[in-house]
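Some notes on the structure that comes next.
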Amino acid sequence: MGDERLWACSAAEIAELVGGKQVSAREVVQAHLERIEAVNPQVNAVTEVFADTAAADAAELDAQLARGEPGGALAGVPFSVKDNTDVAGRATTHGLPRFREFVRAVDAPPVERLRRAGAIPIGHTNLPTMTLRGMHTVSELHGHTINPWDRTKTPGGTSGGDAVAVATGMAPVGLGNDSGGSLRNPATFSGVCGLKPSTGRYPSDHRFGPDDPSLSSQVIPVDGPMARTVAELRLAHRALVGTDARDPRAVPVPVEGPELERPIKVGLVVDPTGGGVDPEVREGLVGAADALADAGYEVVEVELPRLQEALDTYGKMIMTEFAPGWPMIRELVGPDAARYMELSMQEGAPVELPEYLGLTGVRLGIQRAWAELMEEFPLVLGPVSTRLSFEPEEESRGLEEFRAYGRSMALCTASSFVGVPAVAVPAGTASGFPRGAQVIGQMFREDLCLDAAEVIQGAFESSTPIDPR
């Protein structure tokens, strides 16, 4: 293999090559830096390249291996980082020009954990300004990220920069976050895999300053990895789990849970809201369900409990907490982000304190209803989006488009609200564009989700990394 093709290797292949001293970590980093230089101008996914520090980290790892010390499960694996997650010595801009100098002193917990496993941060990636968009990745500081499959389609969001970086071979692993599909949606629209872990599974820290966020921002958003294969997600997952003093929410749950009685039952949800599903998306889900059935899973169509109630409660809780700070935030952001948030508040108007307190109890009841369903069906298979694709910024054009986007992403929204894990996995292509599915599991059973997602991915041809089209 020529060094120039190292960017096409999987994380596992890179770790084996570097750990076995068949190639150096420096060669791996250089190959990815050259890939970024060649591809990123066409897609605008990587917003800051860490060329100097990545090279220094690689040299340090090579020296460590030369001394006979272990390199880690992700030895020499470059990874991208969404630009709302701190990397020591770099500005976390959140896509805002005025945060260009917002340099952070220490790594965020997931960045630190990936480093411990031998991985090397190679760049920050684009996101919607302050993540205040439903789907499309465009920031005031860096502009639009382009879908490498079809530039007339959105790459998804809000972790769209990482999804495109992974899809095009600029990094084998991306680190994003998800509070309603922000990992799973761009993973699907870019043809890669994404893991939204259970609430409390990985330590994280997204404080702007010394103050912690309010309840919804504590229990809904989670950090998570993207990769081109489920096997690579599994490697990253193992590195990211565990506790950290900076995040008391993170719990010490084993990576793998107890064996379940076979066959494992999978609840199939093709059209979560009954609002319709694109035929191409349906075809992908049927193929995914058939793959699971062929592998010994029992697949049965189910209806999710209290779904509309979960969607309504999610919107009201988030908007009630967000509304007091909106006048200040409105001064920071431009008209595009403001338009989406104003549509959000129009659709899910803030409520008064007594109703909000009641909604915190409603959430617990919905979590209980899902847990009871998943006692019988430990896995749920469904769409990431019931739409195959969207045009860039389509969801912000008006209230009807905003509602259509919300309906398409209902399963992502509800599963984030409940806090259960989910894996987005490619399920082939339709008319040359990627389609996918997601496997949702019981709390802290990412292992079950990954097992099933690996079966699904194996039933379809792999299409990444790709060159932008």
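Chain labels follow the order of the structure tokens: the first chain is A, the next B, and so on; residue numbering restarts at 1 in every chain, and ligands are counted from 1 in their shown order.
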
Excluding stretch 434-442 of chain A and its own-chain neighbours fewer than 4 positions away, which residues fall within 6 Å of it when counting only C-alpha atoms? Please give them as an MDAnalysis selection string. chainID A and resid 188 191 378:384 421:429 449

Keeping N, CA and C atoms, export the residues of the selection given above as a short mmCIF file (atom, residue, chain, number, x, y, z; two decimals), in the first residue's frame.
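Saved as result-v7.cif:
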```
data_model
loop_
_atom_site.label_atom_id
_atom_site.label_comp_id
_atom_site.auth_asym_id
_atom_site.auth_seq_id
_atom_site.Cartn_x
_atom_site.Cartn_y
_atom_site.Cartn_z
N THR A 188 -26.42 9.61 7.98
CA THR A 188 -27.26 9.00 6.94
C THR A 188 -27.12 9.73 5.62
N GLY A 191 -23.71 8.92 4.15
CA GLY A 191 -23.37 7.54 3.86
C GLY A 191 -22.41 6.90 4.83
N PRO A 378 -36.00 -5.52 22.76
CA PRO A 378 -34.78 -4.81 23.19
C PRO A 378 -34.21 -3.88 22.12
N LEU A 379 -34.61 -4.07 20.86
CA LEU A 379 -34.16 -3.23 19.77
C LEU A 379 -35.34 -2.72 18.98
N VAL A 380 -35.22 -1.51 18.46
CA VAL A 380 -36.21 -0.94 17.56
C VAL A 380 -35.48 -0.51 16.29
N LEU A 381 -36.02 -0.89 15.14
CA LEU A 381 -35.46 -0.53 13.84
C LEU A 381 -36.39 0.47 13.17
N GLY A 382 -35.84 1.58 12.71
CA GLY A 382 -36.67 2.58 12.05
C GLY A 382 -35.85 3.52 11.22
N PRO A 383 -36.48 4.52 10.61
CA PRO A 383 -35.75 5.48 9.79
C PRO A 383 -35.04 6.52 10.65
N VAL A 384 -33.92 7.03 10.14
CA VAL A 384 -33.35 8.25 10.70
C VAL A 384 -34.22 9.42 10.28
N PRO A 421 -29.84 4.65 23.52
CA PRO A 421 -28.81 4.69 22.48
C PRO A 421 -29.39 4.35 21.12
N ALA A 422 -28.66 4.79 20.08
CA ALA A 422 -29.07 4.49 18.70
C ALA A 422 -27.86 4.53 17.80
N VAL A 423 -27.86 3.67 16.80
CA VAL A 423 -26.80 3.65 15.79
C VAL A 423 -27.43 3.86 14.42
N ALA A 424 -26.96 4.89 13.71
CA ALA A 424 -27.34 5.11 12.32
C ALA A 424 -26.38 4.31 11.44
N VAL A 425 -26.93 3.57 10.48
CA VAL A 425 -26.12 2.69 9.66
C VAL A 425 -26.55 2.81 8.21
N PRO A 426 -25.61 2.84 7.27
CA PRO A 426 -25.99 2.91 5.85
C PRO A 426 -26.78 1.68 5.42
N ALA A 427 -27.71 1.91 4.51
CA ALA A 427 -28.53 0.82 3.96
C ALA A 427 -28.60 0.97 2.44
N GLY A 428 -27.43 1.05 1.81
CA GLY A 428 -27.37 1.14 0.37
C GLY A 428 -27.60 2.56 -0.13
N THR A 429 -27.86 2.66 -1.43
CA THR A 429 -28.11 3.94 -2.06
C THR A 429 -29.40 3.87 -2.87
N CYS A 449 -27.13 -2.54 19.92
CA CYS A 449 -27.33 -1.70 18.74
C CYS A 449 -26.20 -1.92 17.73
#
```

Please provide the set of residues having any atom within 8 Å of stretch 79-96 of chain A, restricted to only C-alpha atoms, with same-chain residues fewer than 5 positions apart removed, written as a count of residues only. 41

When DSSP works through the backbone of this structure, what residues of stretch 218-426 of chain A end up as alpha helix (DSSP H), shown as a compact mmCIF listing (two decimals) with N, CA and C atoms, in the first residue's frame?
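File part.txt, as written:
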```
# COMPACT_ATOMS: atom_id res chain seq x y z
N GLN A 218 -28.81 19.29 30.01
CA GLN A 218 -28.07 18.30 30.79
C GLN A 218 -28.42 16.87 30.38
N VAL A 219 -29.70 16.63 30.05
CA VAL A 219 -30.16 15.25 29.90
C VAL A 219 -30.42 14.84 28.45
N VAL A 230 -19.38 0.14 11.26
CA VAL A 230 -19.83 -0.10 12.63
C VAL A 230 -18.68 -0.62 13.48
N ALA A 231 -17.79 -1.41 12.88
CA ALA A 231 -16.65 -1.92 13.65
C ALA A 231 -15.80 -0.78 14.20
N GLU A 232 -15.65 0.30 13.43
CA GLU A 232 -14.89 1.45 13.91
C GLU A 232 -15.65 2.20 15.01
N LEU A 233 -16.97 2.27 14.88
CA LEU A 233 -17.76 2.86 15.96
C LEU A 233 -17.53 2.11 17.26
N ARG A 234 -17.45 0.80 17.16
CA ARG A 234 -17.27 -0.01 18.36
C ARG A 234 -15.94 0.31 19.04
N LEU A 235 -14.88 0.49 18.24
CA LEU A 235 -13.58 0.87 18.80
C LEU A 235 -13.66 2.21 19.52
N ALA A 236 -14.28 3.19 18.85
CA ALA A 236 -14.40 4.51 19.46
C ALA A 236 -15.26 4.46 20.72
N HIS A 237 -16.34 3.68 20.67
CA HIS A 237 -17.23 3.55 21.83
C HIS A 237 -16.47 3.03 23.04
N ARG A 238 -15.65 2.04 22.84
CA ARG A 238 -14.89 1.47 23.96
C ARG A 238 -13.94 2.51 24.56
N ALA A 239 -13.43 3.40 23.72
CA ALA A 239 -12.52 4.44 24.22
C ALA A 239 -13.27 5.54 24.96
N LEU A 240 -14.52 5.77 24.60
CA LEU A 240 -15.25 6.93 25.12
C LEU A 240 -16.02 6.65 26.40
N PRO A 279 -40.50 6.14 -0.62
CA PRO A 279 -40.35 4.72 -1.01
C PRO A 279 -38.93 4.21 -0.89
N GLU A 280 -37.93 5.07 -1.19
CA GLU A 280 -36.54 4.64 -1.11
C GLU A 280 -36.13 4.35 0.34
N VAL A 281 -36.64 5.17 1.26
CA VAL A 281 -36.35 4.94 2.68
C VAL A 281 -37.00 3.65 3.13
N ARG A 282 -38.25 3.44 2.73
CA ARG A 282 -38.96 2.20 3.08
C ARG A 282 -38.21 0.98 2.56
N GLU A 283 -37.74 1.06 1.31
CA GLU A 283 -37.01 -0.06 0.72
C GLU A 283 -35.75 -0.38 1.53
N GLY A 284 -35.04 0.66 1.98
CA GLY A 284 -33.86 0.43 2.80
C GLY A 284 -34.19 -0.23 4.12
N LEU A 285 -35.29 0.21 4.75
CA LEU A 285 -35.70 -0.39 6.02
C LEU A 285 -36.11 -1.85 5.85
N VAL A 286 -36.81 -2.15 4.77
CA VAL A 286 -37.19 -3.54 4.51
C VAL A 286 -35.94 -4.40 4.33
N GLY A 287 -34.96 -3.87 3.59
CA GLY A 287 -33.71 -4.61 3.42
C GLY A 287 -32.99 -4.82 4.74
N ALA A 288 -32.99 -3.80 5.60
CA ALA A 288 -32.36 -3.93 6.91
C ALA A 288 -33.09 -4.96 7.77
N ALA A 289 -34.43 -4.92 7.74
CA ALA A 289 -35.22 -5.88 8.52
C ALA A 289 -34.98 -7.30 8.01
N ASP A 290 -34.90 -7.48 6.71
CA ASP A 290 -34.64 -8.81 6.14
C ASP A 290 -33.27 -9.32 6.57
N ALA A 291 -32.27 -8.42 6.59
CA ALA A 291 -30.93 -8.83 7.01
C ALA A 291 -30.93 -9.31 8.46
N LEU A 292 -31.66 -8.60 9.32
CA LEU A 292 -31.73 -9.01 10.72
C LEU A 292 -32.46 -10.35 10.85
N ALA A 293 -33.55 -10.50 10.12
CA ALA A 293 -34.30 -11.76 10.18
C ALA A 293 -33.43 -12.93 9.71
N ASP A 294 -32.67 -12.72 8.63
CA ASP A 294 -31.79 -13.77 8.13
C ASP A 294 -30.71 -14.12 9.14
N LEU A 307 -45.64 8.64 21.43
CA LEU A 307 -44.68 9.30 20.55
C LEU A 307 -44.98 10.78 20.39
N GLN A 308 -46.21 11.13 20.04
CA GLN A 308 -46.54 12.54 19.84
C GLN A 308 -46.37 13.33 21.13
N GLU A 309 -46.69 12.70 22.25
CA GLU A 309 -46.52 13.35 23.55
C GLU A 309 -45.03 13.62 23.81
N ALA A 310 -44.18 12.68 23.42
CA ALA A 310 -42.73 12.88 23.57
C ALA A 310 -42.26 14.05 22.73
N LEU A 311 -42.74 14.14 21.49
CA LEU A 311 -42.32 15.23 20.61
C LEU A 311 -42.78 16.58 21.16
N ASP A 312 -44.02 16.64 21.63
CA ASP A 312 -44.56 17.90 22.17
C ASP A 312 -43.80 18.32 23.43
N THR A 313 -43.56 17.36 24.31
CA THR A 313 -42.89 17.67 25.57
C THR A 313 -41.45 18.10 25.33
N TYR A 314 -40.78 17.42 24.43
CA TYR A 314 -39.41 17.80 24.04
C TYR A 314 -39.36 19.27 23.62
N GLY A 315 -40.24 19.65 22.70
CA GLY A 315 -40.23 21.03 22.21
C GLY A 315 -40.54 22.04 23.29
N LYS A 316 -41.52 21.77 24.12
CA LYS A 316 -41.90 22.72 25.16
C LYS A 316 -40.82 22.90 26.21
N MET A 317 -40.20 21.79 26.63
CA MET A 317 -39.16 21.89 27.66
C MET A 317 -37.96 22.67 27.13
N ILE A 318 -37.52 22.34 25.93
CA ILE A 318 -36.34 23.01 25.38
C ILE A 318 -36.62 24.49 25.16
N MET A 319 -37.75 24.82 24.57
CA MET A 319 -38.04 26.22 24.27
C MET A 319 -38.29 27.04 25.53
N THR A 320 -38.87 26.43 26.56
CA THR A 320 -39.09 27.14 27.81
C THR A 320 -37.76 27.52 28.46
N GLU A 321 -36.80 26.62 28.40
CA GLU A 321 -35.49 26.91 28.97
C GLU A 321 -34.68 27.85 28.09
N PHE A 322 -34.90 27.77 26.78
CA PHE A 322 -34.13 28.59 25.85
C PHE A 322 -34.61 30.03 25.80
N TRP A 326 -32.81 33.99 24.84
CA TRP A 326 -32.87 34.27 23.41
C TRP A 326 -32.55 35.73 23.06
N PRO A 327 -33.04 36.72 23.79
CA PRO A 327 -32.68 38.10 23.41
C PRO A 327 -31.18 38.34 23.35
N MET A 328 -30.43 37.76 24.29
CA MET A 328 -28.98 37.92 24.26
C MET A 328 -28.37 37.14 23.10
N ILE A 329 -28.82 35.90 22.90
CA ILE A 329 -28.28 35.08 21.82
C ILE A 329 -28.62 35.69 20.47
N ARG A 330 -29.81 36.27 20.37
CA ARG A 330 -30.25 36.88 19.11
C ARG A 330 -29.28 37.96 18.66
N GLU A 331 -28.65 38.63 19.61
CA GLU A 331 -27.68 39.66 19.26
C GLU A 331 -26.37 39.06 18.73
N LEU A 332 -26.12 37.79 19.06
CA LEU A 332 -24.88 37.15 18.63
C LEU A 332 -24.95 36.56 17.24
N PRO A 335 -29.29 36.39 10.74
CA PRO A 335 -30.71 36.17 10.45
C PRO A 335 -31.08 34.72 10.16
N ASP A 336 -30.17 33.92 9.62
CA ASP A 336 -30.51 32.54 9.28
C ASP A 336 -30.76 31.70 10.53
N ALA A 337 -29.83 31.76 11.49
CA ALA A 337 -30.04 31.03 12.74
C ALA A 337 -31.25 31.57 13.48
N ALA A 338 -31.43 32.89 13.44
CA ALA A 338 -32.58 33.49 14.12
C ALA A 338 -33.88 33.01 13.52
N ARG A 339 -33.93 32.89 12.20
CA ARG A 339 -35.17 32.46 11.56
C ARG A 339 -35.57 31.06 12.01
N TYR A 340 -34.61 30.14 12.07
CA TYR A 340 -34.93 28.79 12.50
C TYR A 340 -35.41 28.77 13.94
N MET A 341 -34.75 29.51 14.82
CA MET A 341 -35.14 29.50 16.23
C MET A 341 -36.50 30.16 16.43
N GLU A 342 -36.81 31.17 15.64
CA GLU A 342 -38.12 31.80 15.77
C GLU A 342 -39.22 30.85 15.30
N LEU A 343 -38.95 30.05 14.27
CA LEU A 343 -39.90 29.01 13.87
C LEU A 343 -40.06 27.98 14.99
N SER A 344 -38.95 27.64 15.64
CA SER A 344 -39.00 26.67 16.74
C SER A 344 -39.88 27.18 17.88
N MET A 345 -39.73 28.45 18.22
CA MET A 345 -40.53 29.00 19.33
C MET A 345 -41.98 29.20 18.92
N GLN A 346 -42.22 29.41 17.63
CA GLN A 346 -43.59 29.51 17.16
C GLN A 346 -44.29 28.16 17.23
N GLU A 347 -43.56 27.10 16.91
CA GLU A 347 -44.14 25.76 16.92
C GLU A 347 -44.23 25.19 18.33
N LEU A 353 -44.11 28.21 34.49
CA LEU A 353 -43.40 27.32 35.40
C LEU A 353 -44.22 26.12 35.85
N PRO A 354 -45.50 26.27 36.28
CA PRO A 354 -46.24 25.08 36.72
C PRO A 354 -46.34 24.01 35.64
N GLU A 355 -46.60 24.43 34.39
CA GLU A 355 -46.69 23.45 33.31
C GLU A 355 -45.32 22.81 33.05
N TYR A 356 -44.27 23.61 33.09
CA TYR A 356 -42.93 23.07 32.86
C TYR A 356 -42.60 22.00 33.91
N LEU A 357 -42.90 22.27 35.17
CA LEU A 357 -42.63 21.29 36.22
C LEU A 357 -43.40 20.00 35.97
N GLY A 358 -44.61 20.14 35.50
CA GLY A 358 -45.39 18.95 35.15
C GLY A 358 -44.77 18.17 34.01
N LEU A 359 -44.17 18.88 33.05
CA LEU A 359 -43.56 18.20 31.91
C LEU A 359 -42.36 17.36 32.32
N THR A 360 -41.64 17.75 33.38
CA THR A 360 -40.52 16.92 33.83
C THR A 360 -41.02 15.55 34.30
N GLY A 361 -42.22 15.51 34.86
CA GLY A 361 -42.82 14.23 35.23
C GLY A 361 -43.33 13.47 34.01
N VAL A 362 -43.86 14.18 33.04
CA VAL A 362 -44.29 13.54 31.79
C VAL A 362 -43.12 12.82 31.14
N ARG A 363 -41.96 13.47 31.16
CA ARG A 363 -40.78 12.84 30.55
C ARG A 363 -40.48 11.50 31.21
N LEU A 364 -40.52 11.46 32.52
CA LEU A 364 -40.24 10.21 33.21
C LEU A 364 -41.26 9.14 32.83
N GLY A 365 -42.51 9.52 32.70
CA GLY A 365 -43.54 8.55 32.30
C GLY A 365 -43.31 8.01 30.90
N ILE A 366 -42.87 8.87 29.99
CA ILE A 366 -42.57 8.43 28.63
C ILE A 366 -41.36 7.49 28.63
N GLN A 367 -40.35 7.83 29.43
CA GLN A 367 -39.20 6.92 29.55
C GLN A 367 -39.64 5.55 30.06
N ARG A 368 -40.54 5.55 31.03
CA ARG A 368 -41.02 4.27 31.58
C ARG A 368 -41.77 3.47 30.51
N ALA A 369 -42.60 4.15 29.73
CA ALA A 369 -43.37 3.46 28.69
C ALA A 369 -42.43 2.84 27.65
N TRP A 370 -41.38 3.57 27.27
CA TRP A 370 -40.42 3.01 26.32
C TRP A 370 -39.67 1.83 26.94
N ALA A 371 -39.28 1.95 28.20
CA ALA A 371 -38.55 0.86 28.86
C ALA A 371 -39.41 -0.39 28.91
N GLU A 372 -40.70 -0.22 29.15
CA GLU A 372 -41.60 -1.38 29.20
C GLU A 372 -41.72 -2.03 27.82
N LEU A 373 -41.83 -1.22 26.77
CA LEU A 373 -41.86 -1.78 25.42
C LEU A 373 -40.57 -2.54 25.12
N MET A 374 -39.44 -1.97 25.55
CA MET A 374 -38.17 -2.56 25.20
C MET A 374 -37.78 -3.74 26.09
N GLU A 375 -38.59 -4.02 27.09
CA GLU A 375 -38.44 -5.30 27.80
C GLU A 375 -38.76 -6.44 26.84
N GLU A 376 -39.77 -6.23 26.00
CA GLU A 376 -40.14 -7.26 25.01
C GLU A 376 -39.35 -7.12 23.73
N LEU A 399 -43.00 27.79 8.07
CA LEU A 399 -43.53 26.90 9.10
C LEU A 399 -43.87 25.52 8.54
N GLU A 400 -44.41 25.45 7.32
CA GLU A 400 -44.76 24.15 6.77
C GLU A 400 -43.51 23.30 6.53
N GLU A 401 -42.45 23.92 5.98
CA GLU A 401 -41.21 23.20 5.77
C GLU A 401 -40.59 22.78 7.11
N PHE A 402 -40.69 23.66 8.09
CA PHE A 402 -40.18 23.34 9.43
C PHE A 402 -40.91 22.12 10.00
N ARG A 403 -42.23 22.10 9.83
CA ARG A 403 -43.01 20.97 10.35
C ARG A 403 -42.70 19.68 9.60
N ALA A 404 -42.50 19.78 8.29
CA ALA A 404 -42.17 18.59 7.50
C ALA A 404 -40.85 18.00 7.96
N TYR A 405 -39.88 18.86 8.22
CA TYR A 405 -38.61 18.38 8.75
C TYR A 405 -38.81 17.69 10.10
N GLY A 406 -39.59 18.32 10.99
CA GLY A 406 -39.82 17.74 12.31
C GLY A 406 -40.48 16.37 12.23
N ARG A 407 -41.47 16.22 11.33
CA ARG A 407 -42.11 14.91 11.17
C ARG A 407 -41.11 13.87 10.67
N SER A 408 -40.26 14.26 9.74
CA SER A 408 -39.32 13.29 9.17
C SER A 408 -38.34 12.77 10.22
N ALA A 410 -38.87 12.46 13.56
CA ALA A 410 -39.57 12.20 14.82
C ALA A 410 -38.91 11.11 15.65
N LEU A 411 -38.44 10.05 15.00
CA LEU A 411 -37.86 8.94 15.76
C LEU A 411 -36.55 9.36 16.41
N CYS A 412 -35.77 10.20 15.73
CA CYS A 412 -34.54 10.72 16.34
C CYS A 412 -34.87 11.60 17.54
N THR A 413 -35.84 12.50 17.36
CA THR A 413 -36.20 13.42 18.44
C THR A 413 -36.66 12.66 19.68
N ALA A 414 -37.57 11.71 19.48
CA ALA A 414 -38.13 10.99 20.61
C ALA A 414 -37.08 10.15 21.32
N SER A 415 -36.21 9.48 20.57
CA SER A 415 -35.20 8.64 21.21
C SER A 415 -34.18 9.48 21.97
N SER A 416 -33.87 10.69 21.47
CA SER A 416 -33.01 11.60 22.24
C SER A 416 -33.69 12.04 23.53
N PHE A 417 -34.97 12.33 23.44
CA PHE A 417 -35.73 12.77 24.61
C PHE A 417 -35.76 11.69 25.68
N VAL A 418 -35.93 10.44 25.25
CA VAL A 418 -35.98 9.32 26.19
C VAL A 418 -34.58 9.00 26.73
```

All strand (DSSP E) residues (DSSP, backbone) inside stretch 65-134 of chain A, as a count of residues only: 11

Name all residues at most 9 Å from stretch 9-24 of chain A (count only C-alpha atoms; drop same-chain ones fewer than 2 positions away) and give them as a PyMOL selection string. chain A and resi 3+5-7+26-29+58-59+61-62+65-66+70-78+118-119+169+172-173+227-229+231-232+235-236

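Of the residues under consideration (A:Leu183, A:Pro305, A:Ala55, A:Gly224), A:Ala55 shows the shortest atom-to-atom contact distance to A:His32 when counting only C-alpha atoms.
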
By how many Å are atom CA of A:Glu303 and atom CA of A:Asp447 apart?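 Distance reported for this atom pair: 23.5 Å.
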
Do you know which residues are at most 6 Å from A:Phe377 counting only C-alpha atoms, after dropping those on the same chain fewer than 3 positions away, and could you put them as a PyMOL selection string? chain A and resi 265-267+374

C-alpha atoms of the current selection, written as a short mmCIF file (atom, residue, chain, number, x, y, z; two decimals), in the first residue's frame:
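The result, stored in again.cif:
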```
data_model
loop_
_atom_site.label_atom_id
_atom_site.label_comp_id
_atom_site.auth_asym_id
_atom_site.auth_seq_id
_atom_site.Cartn_x
_atom_site.Cartn_y
_atom_site.Cartn_z
CA LYS A 265 -37.00 -9.34 19.16
CA VAL A 266 -36.74 -6.19 17.05
CA GLY A 267 -39.64 -3.76 16.84
CA MET A 374 -38.17 -2.56 25.20
#
```

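Minimum atom-to-atom distance to A:Pro186, evaluated using only C-alpha atoms, belongs to A:Leu388 out of A:Ala31, A:Ala63, A:Leu260, A:Leu388.
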